[in-house]
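> Quick one: this structure, given as structure tokens, is what I'll be asking you about.
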Amino acid sequence: MSDQILHECGIAMIRLRKPLSYYIEKYGPTYAMNKMYILMEKQHNRGQDGAGIANIKLDIEPGHRYISRYRSIKAQPVAHLFKKISKKYKRAQKEGKGRFRDEQWLKENVAFTGELWLGHLRYGTHGMNSIENVHPFLRQNNWRSRNLVMAGNFNMTNVEELFDLLVGLGQHPKEKVDTVTVMEKIGHFLDEEVQTLFERYKDKFSNREVSDIIENELDLHRVLKRACKDFDGGYTMAGVTGSGSAFVTRDPNGIRPAYYYADDEVVVVASEKPAIKTAFNVDYSQIEEIKPGHALIVNKSGEYGQYQITQPGEKTACSFERIYFSRGNDPDIYRERKQLGRLLVPQVLKAINSDLRNTVFSYIPNTAETAFFGMMEGIEEYLINKQKDIIIDGKPSVDSLEDILSLRPRVEKLVLKDVKLRTFITDDEHRDEMVSHVYDTTYEVIRKGIDTVVVIDDSIVRGTTLEKSILKMLDRLGPKKIVVVSSAPQIRFPDCYGIDMSKMGEFVAFRAMRALLKDQGKDYLLGEVYERCTRARGHERQQNYVKQLYEQFTHDEISAKVTEICRPADMNAELEIIFQTVDNLHKAIPLHSGDWYFTGDYPTPGGMKVVNRSYVNYMEGKLVRAY
Ligand SMILES: NC(=O)CC[C@H](N)C(=O)O
């Protein structure tokens with residue numbers, strides 16, 4: 001990925017299903033902490049802002065702490081958290097001696113030794129990047145079962161409405177941060193559930209007995225059904241109660257990912273499968289997806305199941321997870337990325353005039369590497385078929401047979417990513433120069449004026465890194481032509497379900513469409529669409545009016561204009577930018593069909609509102625998020 005887009009959060013949950021002493025004996029006292037560390041570290045790709053972790057101890061006597069939480073916004077937040085936690089363990093080992101292996105002593109004296117863990121990696125899409133906004137969030141209460149600890153990978157498109165609903169319920173929230181809004185909504189119905197159970201049993205039992213009954217009978221299924229019905233967005237929300245029940249619930253379209261594994265020792269949940277696989281060394285086929293519109297609920301005694309929370313809609317899981325965000329060592333994702341590269345081959349061959357002798361193939365590190373392998377397999381296949389044809393035809397006339405058979409695609413590592421250089425010199429010209437050195441290249445492998453360079457990237461969002469860094473750098477090598485290939489289609493519309501790209505005017509595809517309108521004297525359409533968007537404001541069901549602007553042009557016209565925009569002023573080589581088609585995207589990634597950023601087809605009414613609002617913001621010159 002050359003243009004950085006910030007995105008995503010990751011969740012990690014572990015519930016030990018047997019008494020703590022079982023694990024102490026079998027694996028040692030640090031078992032769950034170690035597993036949690038791996039689970040979170042293997043998802044570090046999902047949170048650039050911070051990380052947090054909470055731990056709940058089951059069945060603690062009154063007077064002892066049973067909820068612990070740490071959060072960090074340090075440069076390596078996961079490592080920072082676990083350094084602090086392991087310090088506690090080390091001290092306990094030193095001071096406790098033999099008691100370090102005693103369940104009772106550990107739980108009474110050492111934090112983070114409970115049976116239930118909830119971890120989170122954050123990239124914020126709402127609110128600032130401050131420690132207060134790092135998950136898990138706590139909603140505290142003196143009744144154990146009313147305590148709620150929450151963390152999520154989510155973005156709601158109707159936070160304002162949800163906030164108003166809370167006020168309507170009689171609450172008085174002190175902030176508008178989306179995680180608080182969502183937690184307060186769930187917390188409200190958790191309170192009601194506890195209260196209902198209390199009313200039911202209070203005449204027959206003492207209050208202390210009722211508390212126990214409540215903890216055992218707490219119906220999170222009912223709580224979530226009531227709380228989630230007004231959510232509009234993409235979400236995987238995880239929560240645990242002070243009494244030790246837990247849930248992870250997923251939006252009706254399955255936009256955000258969630259996977260789990262369970263056996264008689266543990267229930268584990270994570271945003272990505274490879275994290276579970278690596279941490280617990282289980283078979284891939286044993287890791288299941290939490291179904292869209294469902295919640296995985298683990299009750300206080302450790303029983304678990306999936307329950308329907310909202311009416312599941314069409315499954316439109318985010319395809320960007322597969323193209324770029326998620327780790328590429330998931331076997332399905334690996335295959336899909338390769339297939340994305342392979343499907344681009346016909347377009348690539350056209351761009352290089354099938355001249356493999358004078359073409360060098362390369363990729364932008366690191367996320368485009370897998371697509372690159374797929375593209376090269378496709379090129380090799382083409383070559384073998386070509387060689388076969390020539391031999392079968394018996395016409396090796398152009399070259400000698402040996403020449404034909406020895407031809408191999410030329411592959412070089414042309415683009416290297418370096419650390420960002422500090423832009424301490426503040427004038428624009430020098431800042432641009434520093435930006436251009438984020439990447440470096442390999443010299444003397446390109447034949448000047450003869451070779452074409454093909455580089456594949458996973459996506460092109462704003463096009464600025466291409467223009468300011470990569471193309472300038474590659475052009476200095478003196479190639480005849482540069483072909484940039486994007487394994488993702490043109491990003492035309494904003495995201496509002498977890499990826500931080502809601503300012504439409506920044507997308508290079510949008511700028512291209514805008515320039516084409518101007519070239520063709522169709523500028524008047526901008527105002528027409530603006531009117532439609534403003535007239536629709538406040539309406540629940542809206543259409544995506546911005547689509548009409550893109551519909552004026554073909555895929556190729558937009559690609560050609562993107563090429564023009566990204567071309568640095570002083571570039572010598574010819575340039576061509578190629579994008580994946582949406583059809584091929586779906587062929588490569590059939591089970592994750594969420595494609596609103598490419599097509600404008602949002603799966604929820606809130607998404608339609610966001611795209612129109614984003615356009616209005618653009619027209620009014622407001623550089624703000626559209627949700
Ligand atoms: N990327 C995410 O999932 C963000 C979660 C939440 N909206 C936050 O800003 O904290």
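Note on naming: chains are A, B, ... as they come in the structure tokens, residues start from 1 per chain, ligands start from 1 in the order shown.
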May I have the residues within 9 Å of Arg447 (chain A) as a PyMOL selection string, using only C-alpha atoms and disregarding those fewer than 4 positions away in the same chain?

chain A and resi 358+451-452+477-480

> Can you write out the residues you just picked, keeping N, CA, C and O atoms, as a PDB file, in the first residue's frame?


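The file below, result.pdb, is the result:
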ATOM      1  N   ASN A 358      11.336  -7.167 -22.795  1.00  0.00           N
ATOM      2  CA  ASN A 358      11.725  -5.807 -22.390  1.00  0.00           C
ATOM      3  C   ASN A 358      10.866  -5.274 -21.247  1.00  0.00           C
ATOM      4  O   ASN A 358      10.598  -4.087 -21.166  1.00  0.00           O
ATOM      5  N   ASP A 451      13.461  -0.762 -21.435  1.00  0.00           N
ATOM      6  CA  ASP A 451      12.576  -1.576 -20.593  1.00  0.00           C
ATOM      7  C   ASP A 451      11.312  -0.838 -20.161  1.00  0.00           C
ATOM      8  O   ASP A 451      11.327   0.371 -19.934  1.00  0.00           O
ATOM      9  N   THR A 452      10.261  -1.643 -20.016  1.00  0.00           N
ATOM     10  CA  THR A 452       9.043  -1.158 -19.358  1.00  0.00           C
ATOM     11  C   THR A 452       9.035  -1.740 -17.955  1.00  0.00           C
ATOM     12  O   THR A 452       9.399  -2.902 -17.765  1.00  0.00           O
ATOM     13  N   LEU A 477      15.173   5.879 -13.119  1.00  0.00           N
ATOM     14  CA  LEU A 477      15.898   4.710 -13.630  1.00  0.00           C
ATOM     15  C   LEU A 477      15.924   4.697 -15.159  1.00  0.00           C
ATOM     16  O   LEU A 477      16.592   3.868 -15.770  1.00  0.00           O
ATOM     17  N   GLY A 478      15.132   5.576 -15.747  1.00  0.00           N
ATOM     18  CA  GLY A 478      15.162   5.727 -17.205  1.00  0.00           C
ATOM     19  C   GLY A 478      14.356   4.723 -18.021  1.00  0.00           C
ATOM     20  O   GLY A 478      14.703   4.449 -19.174  1.00  0.00           O
ATOM     21  N   PRO A 479      13.277   4.124 -17.492  1.00  0.00           N
ATOM     22  CA  PRO A 479      12.522   3.163 -18.308  1.00  0.00           C
ATOM     23  C   PRO A 479      11.783   3.860 -19.449  1.00  0.00           C
ATOM     24  O   PRO A 479      11.565   5.068 -19.392  1.00  0.00           O
ATOM     25  N   LYS A 480      11.400   3.045 -20.417  1.00  0.00           N
ATOM     26  CA  LYS A 480      10.629   3.596 -21.534  1.00  0.00           C
ATOM     27  C   LYS A 480       9.211   3.901 -21.066  1.00  0.00           C
ATOM     28  O   LYS A 480       8.624   4.915 -21.390  1.00  0.00           O
TER      29      LYS A 480
END

> Find the residues near Thr316 (chain A): any atom within 6 Å, counting only C-alpha atoms, skip ones fewer than 2 places away on the same chain, and give them as a list of chain:residue names.

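My list of contacting residues is A:Asn253, A:Ile255, A:Ser593, A:Gly594.
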
> Using only C-alpha atoms and all ligand atoms, what table do you get, as CSV, when you list each residue of chain A with an atom no more than 9 Å from ligand 1, its nearest pair of atoms, and their distance in Å rounded to one decimal, rows by chain then rising number?


residue,atom,partner,partner_atom_place_in_ligand_line,distance
A:Leu6,CA,ligand 1,1 (N),8.5
A:His7,CA,ligand 1,1 (N),5.5
A:Glu8,CA,ligand 1,1 (N),3.6
A:Cys9,CA,ligand 1,3 (O),4.2
A:Gly10,CA,ligand 1,3 (O),7.2
A:Arg46,CA,ligand 1,1 (N),8.1
A:Gly47,CA,ligand 1,1 (N),7.6
A:Leu121,CA,ligand 1,2 (C),8.7
A:Arg122,CA,ligand 1,1 (N),6.1
A:Tyr123,CA,ligand 1,1 (N),4.8
A:Gly124,CA,ligand 1,9 (O),3.5
A:Thr125,CA,ligand 1,9 (O),3.9
A:His126,CA,ligand 1,9 (O),4.0
A:Gly127,CA,ligand 1,9 (O),6.1
A:Met128,CA,ligand 1,9 (O),7.9
A:Asn129,CA,ligand 1,9 (O),8.4
A:Asn133,CA,ligand 1,10 (O),6.2
A:Val134,CA,ligand 1,10 (O),6.5
A:His135,CA,ligand 1,10 (O),6.9
A:Ala151,CA,ligand 1,5 (C),8.0
A:Gly152,CA,ligand 1,5 (C),5.8
A:Asn153,CA,ligand 1,3 (O),3.2
A:Phe154,CA,ligand 1,3 (O),3.9
A:Asn155,CA,ligand 1,7 (N),4.6
A:Met156,CA,ligand 1,7 (N),7.2
A:Val177,CA,ligand 1,9 (O),7.7
A:Asp178,CA,ligand 1,7 (N),5.9
A:Thr179,CA,ligand 1,6 (C),5.9
A:Gly234,CA,ligand 1,3 (O),8.6
A:Tyr235,CA,ligand 1,3 (O),7.4
A:Thr236,CA,ligand 1,3 (O),8.1
A:Arg256,CA,ligand 1,3 (O),8.5
A:Tyr497,CA,ligand 1,3 (O),8.0
A:Gly498,CA,ligand 1,1 (N),4.7
A:Ile499,CA,ligand 1,1 (N),6.5
A:Asp500,CA,ligand 1,1 (N),7.7

> From region 174-408 of chain A, collect each residue whose DSSP state is strand (DSSP E or B) and return the set as a PDB file with N, CA and C atoms, in the first residue's frame.


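The result, stored in states_12.pdb:
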ATOM      1  N   GLY A 233     -24.466   0.211  10.974  1.00  0.00           N
ATOM      2  CA  GLY A 233     -23.033   0.330  10.743  1.00  0.00           C
ATOM      3  C   GLY A 233     -22.393  -1.024  10.556  1.00  0.00           C
ATOM      4  N   GLY A 234     -21.083  -1.012  10.623  1.00  0.00           N
ATOM      5  CA  GLY A 234     -20.343  -2.268  10.567  1.00  0.00           C
ATOM      6  C   GLY A 234     -19.792  -2.495  11.954  1.00  0.00           C
ATOM      7  N   TYR A 235     -20.060  -3.642  12.537  1.00  0.00           N
ATOM      8  CA  TYR A 235     -19.555  -3.806  13.897  1.00  0.00           C
ATOM      9  C   TYR A 235     -19.282  -5.238  14.310  1.00  0.00           C
ATOM     10  N   THR A 236     -18.223  -5.367  15.081  1.00  0.00           N
ATOM     11  CA  THR A 236     -17.993  -6.547  15.906  1.00  0.00           C
ATOM     12  C   THR A 236     -17.792  -5.986  17.301  1.00  0.00           C
ATOM     13  N   MET A 237     -18.787  -6.169  18.152  1.00  0.00           N
ATOM     14  CA  MET A 237     -18.724  -5.587  19.495  1.00  0.00           C
ATOM     15  C   MET A 237     -18.532  -6.705  20.509  1.00  0.00           C
ATOM     16  N   ALA A 238     -17.537  -6.532  21.359  1.00  0.00           N
ATOM     17  CA  ALA A 238     -17.300  -7.538  22.390  1.00  0.00           C
ATOM     18  C   ALA A 238     -17.535  -6.921  23.751  1.00  0.00           C
ATOM     19  N   GLY A 239     -18.107  -7.700  24.646  1.00  0.00           N
ATOM     20  CA  GLY A 239     -18.348  -7.181  25.991  1.00  0.00           C
ATOM     21  C   GLY A 239     -18.283  -8.289  27.022  1.00  0.00           C
ATOM     22  N   VAL A 240     -17.900  -7.909  28.226  1.00  0.00           N
ATOM     23  CA  VAL A 240     -17.929  -8.855  29.334  1.00  0.00           C
ATOM     24  C   VAL A 240     -18.575  -8.160  30.529  1.00  0.00           C
ATOM     25  N   THR A 241     -19.265  -8.938  31.340  1.00  0.00           N
ATOM     26  CA  THR A 241     -19.860  -8.361  32.547  1.00  0.00           C
ATOM     27  C   THR A 241     -18.942  -8.658  33.734  1.00  0.00           C
ATOM     28  N   ALA A 246     -19.957 -13.216  28.805  1.00  0.00           N
ATOM     29  CA  ALA A 246     -19.279 -12.514  27.711  1.00  0.00           C
ATOM     30  C   ALA A 246     -20.066 -12.639  26.421  1.00  0.00           C
ATOM     31  N   PHE A 247     -19.871 -11.675  25.535  1.00  0.00           N
ATOM     32  CA  PHE A 247     -20.503 -11.769  24.214  1.00  0.00           C
ATOM     33  C   PHE A 247     -19.630 -11.103  23.162  1.00  0.00           C
ATOM     34  N   VAL A 248     -19.809 -11.557  21.927  1.00  0.00           N
ATOM     35  CA  VAL A 248     -19.247 -10.851  20.772  1.00  0.00           C
ATOM     36  C   VAL A 248     -20.340 -10.850  19.722  1.00  0.00           C
ATOM     37  N   THR A 249     -20.777  -9.664  19.330  1.00  0.00           N
ATOM     38  CA  THR A 249     -21.891  -9.618  18.379  1.00  0.00           C
ATOM     39  C   THR A 249     -21.470  -8.916  17.096  1.00  0.00           C
ATOM     40  N   ARG A 250     -22.082  -9.352  16.013  1.00  0.00           N
ATOM     41  CA  ARG A 250     -21.644  -8.917  14.684  1.00  0.00           C
ATOM     42  C   ARG A 250     -22.808  -8.322  13.908  1.00  0.00           C
ATOM     43  N   TYR A 259     -14.080 -14.230  14.421  1.00  0.00           N
ATOM     44  CA  TYR A 259     -13.916 -15.692  14.374  1.00  0.00           C
ATOM     45  C   TYR A 259     -13.760 -16.242  15.787  1.00  0.00           C
ATOM     46  N   TYR A 260     -14.140 -17.504  15.954  1.00  0.00           N
ATOM     47  CA  TYR A 260     -13.926 -18.080  17.276  1.00  0.00           C
ATOM     48  C   TYR A 260     -13.533 -19.548  17.195  1.00  0.00           C
ATOM     49  N   TYR A 261     -12.933 -19.982  18.271  1.00  0.00           N
ATOM     50  CA  TYR A 261     -12.578 -21.390  18.422  1.00  0.00           C
ATOM     51  C   TYR A 261     -12.954 -21.782  19.845  1.00  0.00           C
ATOM     52  N   ALA A 262     -13.496 -22.991  19.999  1.00  0.00           N
ATOM     53  CA  ALA A 262     -13.830 -23.430  21.357  1.00  0.00           C
ATOM     54  C   ALA A 262     -13.537 -24.913  21.531  1.00  0.00           C
ATOM     55  N   VAL A 266     -11.036 -23.772  26.437  1.00  0.00           N
ATOM     56  CA  VAL A 266     -11.141 -22.330  26.164  1.00  0.00           C
ATOM     57  C   VAL A 266     -12.227 -21.989  25.147  1.00  0.00           C
ATOM     58  N   VAL A 267     -12.691 -20.754  25.231  1.00  0.00           N
ATOM     59  CA  VAL A 267     -13.399 -20.139  24.104  1.00  0.00           C
ATOM     60  C   VAL A 267     -12.532 -18.937  23.724  1.00  0.00           C
ATOM     61  N   VAL A 268     -12.182 -18.843  22.449  1.00  0.00           N
ATOM     62  CA  VAL A 268     -11.295 -17.769  21.986  1.00  0.00           C
ATOM     63  C   VAL A 268     -11.952 -17.025  20.830  1.00  0.00           C
ATOM     64  N   VAL A 269     -11.885 -15.715  20.861  1.00  0.00           N
ATOM     65  CA  VAL A 269     -12.433 -14.932  19.750  1.00  0.00           C
ATOM     66  C   VAL A 269     -11.354 -13.962  19.265  1.00  0.00           C
ATOM     67  N   ALA A 270     -11.292 -13.762  17.944  1.00  0.00           N
ATOM     68  CA  ALA A 270     -10.374 -12.754  17.397  1.00  0.00           C
ATOM     69  C   ALA A 270     -10.941 -12.217  16.097  1.00  0.00           C
ATOM     70  N   GLU A 288     -14.271 -21.047  13.591  1.00  0.00           N
ATOM     71  CA  GLU A 288     -15.530 -20.699  12.920  1.00  0.00           C
ATOM     72  C   GLU A 288     -15.760 -19.210  12.898  1.00  0.00           C
ATOM     73  N   GLU A 289     -16.640 -18.819  11.954  1.00  0.00           N
ATOM     74  CA  GLU A 289     -16.984 -17.421  11.858  1.00  0.00           C
ATOM     75  C   GLU A 289     -18.200 -17.185  12.757  1.00  0.00           C
ATOM     76  N   HIS A 294     -25.553 -12.268  14.487  1.00  0.00           N
ATOM     77  CA  HIS A 294     -25.567 -13.171  15.641  1.00  0.00           C
ATOM     78  C   HIS A 294     -24.573 -12.698  16.706  1.00  0.00           C
ATOM     79  N   ALA A 295     -24.695 -13.304  17.854  1.00  0.00           N
ATOM     80  CA  ALA A 295     -23.695 -13.075  18.898  1.00  0.00           C
ATOM     81  C   ALA A 295     -23.229 -14.423  19.413  1.00  0.00           C
ATOM     82  N   LEU A 296     -21.956 -14.504  19.677  1.00  0.00           N
ATOM     83  CA  LEU A 296     -21.446 -15.641  20.423  1.00  0.00           C
ATOM     84  C   LEU A 296     -21.563 -15.225  21.887  1.00  0.00           C
ATOM     85  N   ILE A 297     -22.287 -16.019  22.648  1.00  0.00           N
ATOM     86  CA  ILE A 297     -22.484 -15.667  24.058  1.00  0.00           C
ATOM     87  C   ILE A 297     -21.902 -16.773  24.933  1.00  0.00           C
ATOM     88  N   VAL A 298     -21.114 -16.370  25.902  1.00  0.00           N
ATOM     89  CA  VAL A 298     -20.571 -17.341  26.867  1.00  0.00           C
ATOM     90  C   VAL A 298     -21.156 -16.953  28.221  1.00  0.00           C
ATOM     91  N   TYR A 304     -21.368 -21.951  25.919  1.00  0.00           N
ATOM     92  CA  TYR A 304     -21.390 -20.942  24.851  1.00  0.00           C
ATOM     93  C   TYR A 304     -22.308 -21.374  23.727  1.00  0.00           C
ATOM     94  N   GLY A 305     -22.703 -20.407  22.908  1.00  0.00           N
ATOM     95  CA  GLY A 305     -23.518 -20.702  21.733  1.00  0.00           C
ATOM     96  C   GLY A 305     -23.681 -19.446  20.905  1.00  0.00           C
ATOM     97  N   GLN A 306     -24.142 -19.633  19.665  1.00  0.00           N
ATOM     98  CA  GLN A 306     -24.415 -18.477  18.806  1.00  0.00           C
ATOM     99  C   GLN A 306     -25.912 -18.232  18.790  1.00  0.00           C
ATOM    100  N   TYR A 307     -26.294 -16.986  18.951  1.00  0.00           N
ATOM    101  CA  TYR A 307     -27.717 -16.638  18.998  1.00  0.00           C
ATOM    102  C   TYR A 307     -27.989 -15.482  18.044  1.00  0.00           C
ATOM    103  N   GLN A 308     -29.148 -15.542  17.421  1.00  0.00           N
ATOM    104  CA  GLN A 308     -29.483 -14.461  16.498  1.00  0.00           C
ATOM    105  C   GLN A 308     -29.891 -13.209  17.277  1.00  0.00           C
ATOM    106  N   CYS A 318     -16.602  -6.971   4.310  1.00  0.00           N
ATOM    107  CA  CYS A 318     -15.686  -5.964   3.729  1.00  0.00           C
ATOM    108  C   CYS A 318     -14.590  -6.629   2.879  1.00  0.00           C
ATOM    109  N   THR A 359      10.409  -6.192 -20.403  1.00  0.00           N
ATOM    110  CA  THR A 359       9.590  -5.761 -19.261  1.00  0.00           C
ATOM    111  C   THR A 359      10.148  -6.308 -17.960  1.00  0.00           C
ATOM    112  N   VAL A 360      10.182  -5.455 -16.951  1.00  0.00           N
ATOM    113  CA  VAL A 360      10.623  -5.890 -15.623  1.00  0.00           C
ATOM    114  C   VAL A 360       9.429  -5.763 -14.675  1.00  0.00           C
ATOM    115  N   PHE A 361       9.141  -6.836 -13.951  1.00  0.00           N
ATOM    116  CA  PHE A 361       7.989  -6.846 -13.039  1.00  0.00           C
ATOM    117  C   PHE A 361       8.438  -6.644 -11.591  1.00  0.00           C
ATOM    118  N   SER A 362       7.655  -5.875 -10.857  1.00  0.00           N
ATOM    119  CA  SER A 362       7.981  -5.670  -9.448  1.00  0.00           C
ATOM    120  C   SER A 362       6.721  -5.290  -8.667  1.00  0.00           C
ATOM    121  N   TYR A 363       6.886  -4.989  -7.377  1.00  0.00           N
ATOM    122  CA  TYR A 363       5.721  -4.695  -6.540  1.00  0.00           C
ATOM    123  C   TYR A 363       6.056  -3.659  -5.488  1.00  0.00           C
TER     124      TYR A 363
END

> May I have the residues within 6 Å of region 68-77 of chain A as a list of chain:residue names, using only C-alpha atoms and disregarding those fewer than 3 positions away in the same chain?

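The contact residues come out as A:Gly50, A:Ala51, A:Gly52, A:Ile53, A:Ala54, A:Asn55, A:His80.
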
> Which residues in region 532-614 of chain A does DSSP call helix (DSSP H, G or I)? List them as a PyMOL selection string.

chain A and resi 532-536+547-550+555-566+582-588+596-599+605-614

> I'd like the interatomic distance between CA of Phe510 (chain A) and CA of Leu471 (chain A), to a tenth of an Å.

20.4 Å

> Neighbours of region 41-45 of chain A within 9 Å (only C-alpha atoms; same-chain residues fewer than 4 positions away dropped), as a ChimeraX atom specification?

/A:8-12,36-37,78-79,121,270-272,274-276,278-279,325-327

> Produce a file of the selected residues containing all heavy atoms, as a compact mmCIF listing (two decimals), in the first residue's frame.


# COMPACT_ATOMS: atom_id res chain seq x y z
N GLU A 8 -9.34 0.24 10.95
CA GLU A 8 -9.53 -0.99 11.69
C GLU A 8 -9.17 -1.01 13.15
O GLU A 8 -8.34 -0.27 13.64
CB GLU A 8 -8.79 -2.13 11.01
CG GLU A 8 -9.39 -2.46 9.69
CD GLU A 8 -10.86 -2.46 9.72
OE1 GLU A 8 -11.45 -2.75 10.78
OE2 GLU A 8 -11.48 -2.17 8.71
N CYS A 9 -9.82 -1.91 13.81
CA CYS A 9 -9.48 -2.27 15.17
C CYS A 9 -9.49 -3.80 15.19
O CYS A 9 -10.04 -4.44 14.30
CB CYS A 9 -10.52 -1.77 16.14
SG CYS A 9 -10.51 0.00 16.40
N GLY A 10 -8.91 -4.34 16.22
CA GLY A 10 -8.94 -5.79 16.36
C GLY A 10 -9.37 -6.14 17.76
O GLY A 10 -9.08 -5.41 18.72
N ILE A 11 -10.09 -7.25 17.89
CA ILE A 11 -10.46 -7.70 19.23
C ILE A 11 -9.85 -9.06 19.53
O ILE A 11 -9.54 -9.83 18.61
CB ILE A 11 -11.99 -7.77 19.42
CG1 ILE A 11 -12.62 -8.69 18.36
CG2 ILE A 11 -12.63 -6.41 19.38
CD1 ILE A 11 -13.91 -9.30 18.83
N ALA A 12 -9.70 -9.33 20.80
CA ALA A 12 -9.18 -10.63 21.24
C ALA A 12 -9.87 -10.96 22.56
O ALA A 12 -9.97 -10.11 23.44
CB ALA A 12 -7.68 -10.55 21.45
N MET A 36 -2.90 -14.61 25.34
CA MET A 36 -3.49 -13.31 25.02
C MET A 36 -2.48 -12.42 24.31
O MET A 36 -2.81 -11.69 23.37
CB MET A 36 -3.93 -12.69 26.35
CG MET A 36 -4.96 -11.64 26.25
SD MET A 36 -6.51 -12.26 25.60
CE MET A 36 -7.27 -10.69 25.28
N TYR A 37 -1.25 -12.49 24.77
CA TYR A 37 -0.19 -11.68 24.16
C TYR A 37 -0.02 -12.06 22.68
O TYR A 37 0.03 -11.20 21.79
CB TYR A 37 1.12 -11.89 24.95
CG TYR A 37 2.29 -11.10 24.43
CD1 TYR A 37 2.13 -9.80 23.94
CD2 TYR A 37 3.58 -11.64 24.41
CE1 TYR A 37 3.21 -9.07 23.46
CE2 TYR A 37 4.66 -10.91 23.92
CZ TYR A 37 4.47 -9.63 23.46
OH TYR A 37 5.53 -8.91 22.97
N VAL A 78 0.97 -2.90 22.42
CA VAL A 78 0.72 -4.27 22.91
C VAL A 78 1.89 -4.72 23.78
O VAL A 78 1.71 -5.23 24.90
CB VAL A 78 0.48 -5.25 21.74
CG1 VAL A 78 0.31 -6.67 22.26
CG2 VAL A 78 -0.74 -4.82 20.93
N ALA A 79 3.08 -4.49 23.27
CA ALA A 79 4.27 -4.87 24.05
C ALA A 79 4.29 -4.12 25.38
O ALA A 79 4.62 -4.69 26.43
CB ALA A 79 5.53 -4.57 23.25
N LEU A 121 -7.17 -3.64 19.95
CA LEU A 121 -6.18 -2.80 19.28
C LEU A 121 -6.97 -1.73 18.56
O LEU A 121 -7.94 -2.04 17.87
CB LEU A 121 -5.40 -3.63 18.25
CG LEU A 121 -4.63 -4.78 18.87
CD1 LEU A 121 -5.28 -6.09 18.52
CD2 LEU A 121 -3.20 -4.74 18.38
N ALA A 270 -11.29 -13.76 17.94
CA ALA A 270 -10.37 -12.75 17.40
C ALA A 270 -10.94 -12.22 16.10
O ALA A 270 -11.84 -12.82 15.50
CB ALA A 270 -9.00 -13.36 17.15
N SER A 271 -10.40 -11.10 15.66
CA SER A 271 -10.86 -10.51 14.40
C SER A 271 -10.31 -11.26 13.19
O SER A 271 -10.84 -11.16 12.10
CB SER A 271 -10.42 -9.05 14.30
OG SER A 271 -11.00 -8.31 15.34
N GLU A 272 -9.21 -11.97 13.40
CA GLU A 272 -8.62 -12.69 12.27
C GLU A 272 -8.29 -14.12 12.66
O GLU A 272 -7.82 -14.39 13.77
CB GLU A 272 -7.33 -11.97 11.82
CG GLU A 272 -7.63 -10.59 11.26
CD GLU A 272 -6.42 -9.94 10.62
OE1 GLU A 272 -5.50 -10.67 10.18
OE2 GLU A 272 -6.40 -8.71 10.57
N PRO A 274 -5.85 -16.26 11.48
CA PRO A 274 -4.48 -16.70 11.74
C PRO A 274 -4.02 -16.43 13.16
O PRO A 274 -3.18 -17.16 13.69
CB PRO A 274 -3.64 -15.89 10.75
CG PRO A 274 -4.57 -15.44 9.71
CD PRO A 274 -5.91 -15.32 10.34
N ALA A 275 -4.58 -15.39 13.79
CA ALA A 275 -4.18 -15.09 15.17
C ALA A 275 -4.56 -16.26 16.07
O ALA A 275 -3.77 -16.71 16.91
CB ALA A 275 -4.85 -13.80 15.63
N ILE A 276 -5.78 -16.78 15.89
CA ILE A 276 -6.24 -17.92 16.72
C ILE A 276 -5.40 -19.15 16.39
O ILE A 276 -4.94 -19.88 17.27
CB ILE A 276 -7.73 -18.21 16.47
CG1 ILE A 276 -8.57 -16.97 16.79
CG2 ILE A 276 -8.19 -19.41 17.29
CD1 ILE A 276 -10.07 -17.14 16.57
N THR A 278 -2.36 -19.36 15.22
CA THR A 278 -1.00 -19.28 15.74
C THR A 278 -0.98 -19.43 17.25
O THR A 278 -0.15 -20.16 17.80
CB THR A 278 -0.35 -17.93 15.36
OG1 THR A 278 -0.56 -17.73 13.98
CG2 THR A 278 1.13 -17.93 15.65
N ALA A 279 -1.90 -18.74 17.93
CA ALA A 279 -1.85 -18.75 19.39
C ALA A 279 -2.20 -20.13 19.96
O ALA A 279 -1.64 -20.55 20.96
CB ALA A 279 -2.79 -17.68 19.95
N PHE A 325 -6.21 -5.28 4.55
CA PHE A 325 -6.06 -5.12 6.00
C PHE A 325 -5.60 -6.37 6.72
O PHE A 325 -4.69 -6.34 7.53
CB PHE A 325 -7.38 -4.73 6.67
CG PHE A 325 -7.94 -3.47 6.16
CD1 PHE A 325 -9.30 -3.32 6.02
CD2 PHE A 325 -7.10 -2.43 5.85
CE1 PHE A 325 -9.82 -2.15 5.55
CE2 PHE A 325 -7.61 -1.25 5.37
CZ PHE A 325 -8.99 -1.11 5.23
N SER A 326 -6.32 -7.46 6.49
CA SER A 326 -6.06 -8.66 7.29
C SER A 326 -4.70 -9.25 6.92
O SER A 326 -4.19 -9.01 5.83
CB SER A 326 -7.15 -9.70 7.04
OG SER A 326 -8.38 -9.21 7.47
N ARG A 327 -4.20 -10.04 7.82
CA ARG A 327 -2.90 -10.66 7.54
C ARG A 327 -3.03 -11.65 6.39
O ARG A 327 -3.97 -12.45 6.33
CB ARG A 327 -2.41 -11.38 8.78
CG ARG A 327 -1.89 -10.44 9.83
CD ARG A 327 -1.82 -11.13 11.14
NE ARG A 327 -0.62 -11.94 11.26
CZ ARG A 327 0.56 -11.46 11.67
NH1 ARG A 327 0.70 -10.19 11.93
NH2 ARG A 327 1.60 -12.26 11.81

> Do a neighbour search on region 378-386 of chain A at 7 Å with only C-alpha atoms, toss out local chain neighbours closer than 4 positions, and write the hits as number ranges by chain.

A: 342, 345, 374, 390, 409
